[in-house]
Structure formats: structure tokens, C-alpha cells
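Coordinates from data_32.txt are shown below (compact mmCIF, C-alpha atoms).
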```
# COMPACT_ATOMS: atom_id res chain seq x y z
CA MET A 930 79.74 90.61 80.15
CA ASN A 931 79.45 92.57 83.37
CA PHE A 932 82.92 92.74 84.91
CA GLU A 933 81.71 93.88 88.30
CA ASN A 934 79.31 90.93 88.62
CA PHE A 935 81.98 88.53 87.40
CA LEU A 936 84.53 89.90 89.87
CA ILE A 937 82.16 89.41 92.81
CA ASN A 938 81.42 85.87 91.61
CA ALA A 939 77.77 86.72 90.96
CA GLU A 940 77.72 85.76 87.28
CA PRO A 941 79.90 83.80 84.90
CA ASP A 942 82.15 85.06 82.16
CA TYR A 943 81.35 84.67 78.47
CA LYS A 944 82.40 80.99 78.63
CA ASP A 945 80.13 80.27 81.60
CA ARG A 946 83.03 80.17 84.08
CA PHE A 947 82.67 81.78 87.47
CA LEU A 948 85.60 83.46 89.18
CA ASN A 949 85.89 80.50 91.57
CA ASP A 950 86.15 78.15 88.59
CA ILE A 951 89.19 80.03 87.33
CA TRP A 952 90.76 80.12 90.80
CA ASN A 953 90.47 76.31 90.73
CA PHE A 954 92.46 75.99 87.49
CA SER A 955 95.44 73.64 87.61
CA ASP A 956 98.85 75.07 86.79
CA GLU A 957 98.50 73.50 83.36
CA ASP A 958 95.13 75.22 82.87
CA ILE A 959 96.62 78.55 83.92
CA GLU A 960 99.52 78.14 81.54
CA HIS A 961 97.53 77.00 78.52
CA THR A 962 94.29 78.95 78.85
CA HIS A 963 94.77 82.36 77.32
CA ASP A 964 91.45 84.13 77.74
CA PHE A 965 91.02 84.44 81.50
CA ILE A 966 93.70 86.92 82.52
CA GLN A 967 91.88 89.79 80.80
CA LEU A 968 88.79 88.97 82.87
CA LEU A 969 90.50 88.67 86.26
CA PHE A 970 92.52 91.82 85.61
CA PRO A 971 90.46 94.08 83.38
CA LEU A 972 91.85 97.22 81.81
CA ASN A 973 90.35 100.17 80.03
CA GLU A 974 92.00 99.13 76.77
CA ARG A 975 91.52 96.27 74.36
CA SER A 976 93.80 93.28 74.61
CA GLU A 977 96.06 92.62 71.67
CA SER A 978 96.45 89.01 72.78
CA VAL A 979 92.90 87.66 72.70
CA PHE A 980 89.92 88.26 70.52
CA HIS A 981 86.97 88.18 72.93
CA ASP A 982 87.04 91.99 73.06
CA TYR A 983 85.94 92.34 76.69
CA TYR A 984 87.44 95.33 78.45
CA LEU A 985 86.36 98.24 80.65
CA ASN A 986 84.97 100.41 77.90
CA THR A 987 83.14 102.96 80.08
CA GLU A 988 84.25 105.18 82.92
CA SER A 989 81.24 104.00 84.94
CA SER A 990 82.43 100.38 84.77
CA ILE A 991 85.76 101.45 86.27
CA ILE A 992 84.06 103.54 88.97
CA ASN A 993 81.70 100.68 89.84
CA ILE A 994 84.56 98.25 90.36
CA LYS A 995 86.63 100.78 92.30
CA SER A 996 83.70 101.37 94.66
CA ASN A 997 82.89 97.68 95.15
CA HIS A 998 84.84 96.31 98.11
CA LEU A 999 84.29 92.64 97.16
CA ALA A 1000 85.38 93.19 93.55
CA LYS A 1001 88.56 94.89 94.73
CA THR A 1002 89.21 92.19 97.31
CA ASN A 1003 88.84 89.54 94.61
CA ILE A 1004 91.20 91.34 92.22
CA ILE A 1005 93.81 91.37 94.98
CA LYS A 1006 93.09 87.69 95.70
CA SER A 1007 93.53 86.94 91.99
CA SER A 1008 96.87 88.74 91.95
CA LYS A 1009 98.08 86.58 94.86
CA TRP A 1010 96.71 83.46 93.12
CA PHE A 1011 98.63 84.30 89.94
CA LEU A 1012 101.79 85.11 91.89
CA ARG A 1013 101.59 81.68 93.58
CA PHE A 1014 101.37 80.09 90.12
CA LEU A 1015 104.56 81.91 89.12
CA GLU A 1016 106.26 80.87 92.36
CA ARG A 1017 105.42 77.20 91.77
CA ASN A 1018 106.68 77.16 88.20
CA SER A 1019 109.97 78.15 86.63
CA HIS A 1020 109.34 77.52 82.93
CA TRP A 1021 108.49 81.19 82.37
CA ARG A 1022 111.91 82.42 83.50
CA ARG A 1023 113.43 82.88 80.07
CA LYS A 1024 114.00 85.56 77.47
CA HIS A 1025 110.42 85.68 76.16
CA ASP A 1026 107.25 84.21 77.64
CA HIS A 1027 103.54 85.00 77.37
CA ASN A 1028 103.38 85.27 81.16
CA TYR A 1029 105.36 88.50 80.88
CA LEU A 1030 102.38 90.16 79.23
CA ARG A 1031 100.20 88.77 82.00
CA VAL A 1032 102.45 90.28 84.66
CA THR A 1033 102.23 93.68 82.97
CA ARG A 1034 98.44 93.38 82.86
CA VAL A 1035 98.19 92.47 86.55
CA ILE A 1036 100.27 95.49 87.56
CA LYS A 1037 98.31 97.87 85.29
CA SER A 1038 94.94 96.52 86.45
CA LEU A 1039 95.90 96.82 90.12
CA ARG A 1040 97.05 100.38 89.49
CA LEU A 1041 93.82 101.26 87.63
CA LEU A 1042 91.30 99.58 89.92
CA ILE A 1043 92.91 99.15 93.33
CA SER A 1044 95.88 101.37 94.18
CA ASP A 1045 99.45 102.28 93.33
CA ASP A 1046 100.54 100.59 96.57
CA ASP A 1047 98.97 97.25 95.59
CA ALA A 1048 100.44 97.47 92.09
CA ASP A 1049 103.87 98.29 93.52
CA THR A 1050 103.61 95.44 96.03
CA PHE A 1051 102.78 92.93 93.29
CA TYR A 1052 105.69 94.23 91.20
CA LYS A 1053 108.09 93.95 94.16
CA LEU A 1054 106.96 90.42 95.04
CA PHE A 1055 107.16 89.35 91.42
CA MET A 1056 110.66 90.76 91.00
CA GLU A 1057 111.74 88.80 94.09
CA LEU A 1058 111.00 85.64 92.08
CA LEU A 1059 113.82 86.59 89.72
CA ASP A 1060 117.43 86.29 90.71
CA ASP A 1061 120.13 88.12 88.76
CA ARG A 1062 120.65 85.14 86.44
CA HIS A 1063 116.96 85.17 85.49
CA LYS A 1064 116.89 88.95 85.07
CA GLU A 1065 119.76 88.64 82.59
CA LYS A 1066 117.63 86.30 80.45
CA ILE A 1067 114.75 88.78 80.25
CA ASN A 1068 115.12 91.56 77.76
CA SER A 1069 115.47 95.07 79.17
CA LEU A 1070 112.35 96.30 77.38
CA THR A 1071 110.22 93.78 79.29
CA LEU A 1072 111.85 94.76 82.58
CA SER A 1073 111.02 98.41 81.85
CA TYR A 1074 107.38 97.56 81.01
CA TRP A 1075 106.99 96.00 84.44
CA GLU A 1076 108.71 98.85 86.19
CA ASN A 1077 106.56 101.45 84.43
CA ALA A 1078 103.23 99.59 84.37
```

Could you take the file, read its structure, and then write that structure out as C-alpha cells?
Amino acid sequence: MNFENFLINAEPDYKDRFLNDIWNFSDEDIEHTHDFIQLLFPLNERSESVFHDYYLNTESSIINIKSNHLAKTNIIKSSKWFLRFLERNSHWRRKHDHNYLRVTRVIKSLRLLISDDDADTFYKLFMELLDDRHKEKINSLTLSYWENA
């Protein structure tokens, strides 16, 4: 799978889904589909959560995405799309939730492919979704992962 082409909506992922198809997921689809987040927010490391084994395994793939304005714009758009999903739903605000790993991935991918500023902005906006009561439910290790991603 070519991440750059997927991120500019020029070719589908390994399940024949285009980026726009994923952006059109319902909240239920977002919650229960576990193989898309690694494609919208690629990293230069394998995922421990899914088994499709797609990741940015070459420096050139990272450079190509970082130099492609549309790919970067779409990664930012995806981060806002995912943040809206989190804003609309509250079920994830508990001690442990798979969306916590997703949040870490979004921050790390933004930092790797876009900028520290965009990663920090996503982190700040995400943390604003949590009041003190919700923060108390989340274990401190998770909070530190987000802060240091």
C-alpha cells in the first residue's frame, strides 16, 4: 500500500477503501473498525494493535508525505475528523479505552509528518474534552503518553 497515494485520496487502502470512504464512517463504524487509524495516521513503527503490518518502513516514504501538501492537509483534516468523533461521544471517557491508543497515534503521527505545533494543538484540544472528573478516571501512565507523544 502506498501511504502517500492513499493520503491524497488517489488510491484505496488494502481493503479497497478510499480516504473519503473512511471520513464518511458513522460513529459506530469509527468505534468498531480497528484497522483504519494506522492508515490515516501512519507512523514509522509497526502497530501492536492490528495485524495488517502497514507502516512507514522507509525514510523516503516519510519524506514524500512531508513534502506533499495535500497529504499533510488530509492528515490534519483527519485529526479534526477524529477529534469531532471524540467530542460527539463520551463512552471513551473511562479508565481504559482503545481510543486512548488512537489519540497517542494521532499525536505521534502529526509530530512525525506535520509539525510539533499541529501535534501540540491536537493534544491541547483533546485535553479540553476532559474535565477534572474524567482525568481522574484515566490512569496517569496514559496521561503521560499523551503529554510525551

Rounded to one decimal, what separation in Å do you get between CA of Leu1059 (chain A) and CA of Leu972 (chain A)?
25.7 Å

Hey, which of A:Lys1053, A:Lys1024, A:Lys1037, A:Lys995 ends up closest to Leu1012 (chain A)? Count only C-alpha atoms.
A:Lys1053

Could you check which of A:Phe1011, A:Asp956, A:Glu933, A:Asp942 is closest to Arg1031 (chain A), using all atoms listed in the file?
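Going through A:Phe1011, A:Asp956, A:Glu933, A:Asp942 one by one, the smallest distance to Arg1031 (chain A) is for A:Phe1011.
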
Selected residue, from A:Lys1001, A:Lys944, A:Lys1009, A:His1025, that lies nearest to Leu1072 (chain A) when counting all atoms listed in the file:
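Looking at the shortest contact to Leu1072 (chain A), the residue is A:His1025.
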
Write out as a PyMOL selection string which residues come within 12 Å of Phe932 (chain A) when counting only C-alpha atoms, dropping same-chain ones fewer than 5 positions away.
chain A and resi 937-943+947-948+967-973+983-987+989-995+997+1000-1001+1003-1004+1042

Determine the nearest neighbour of Thr1002 (chain A) from the options A:Arg975, A:Asn1028, A:His963, A:Leu1039, counting only C-alpha atoms.
A:Leu1039
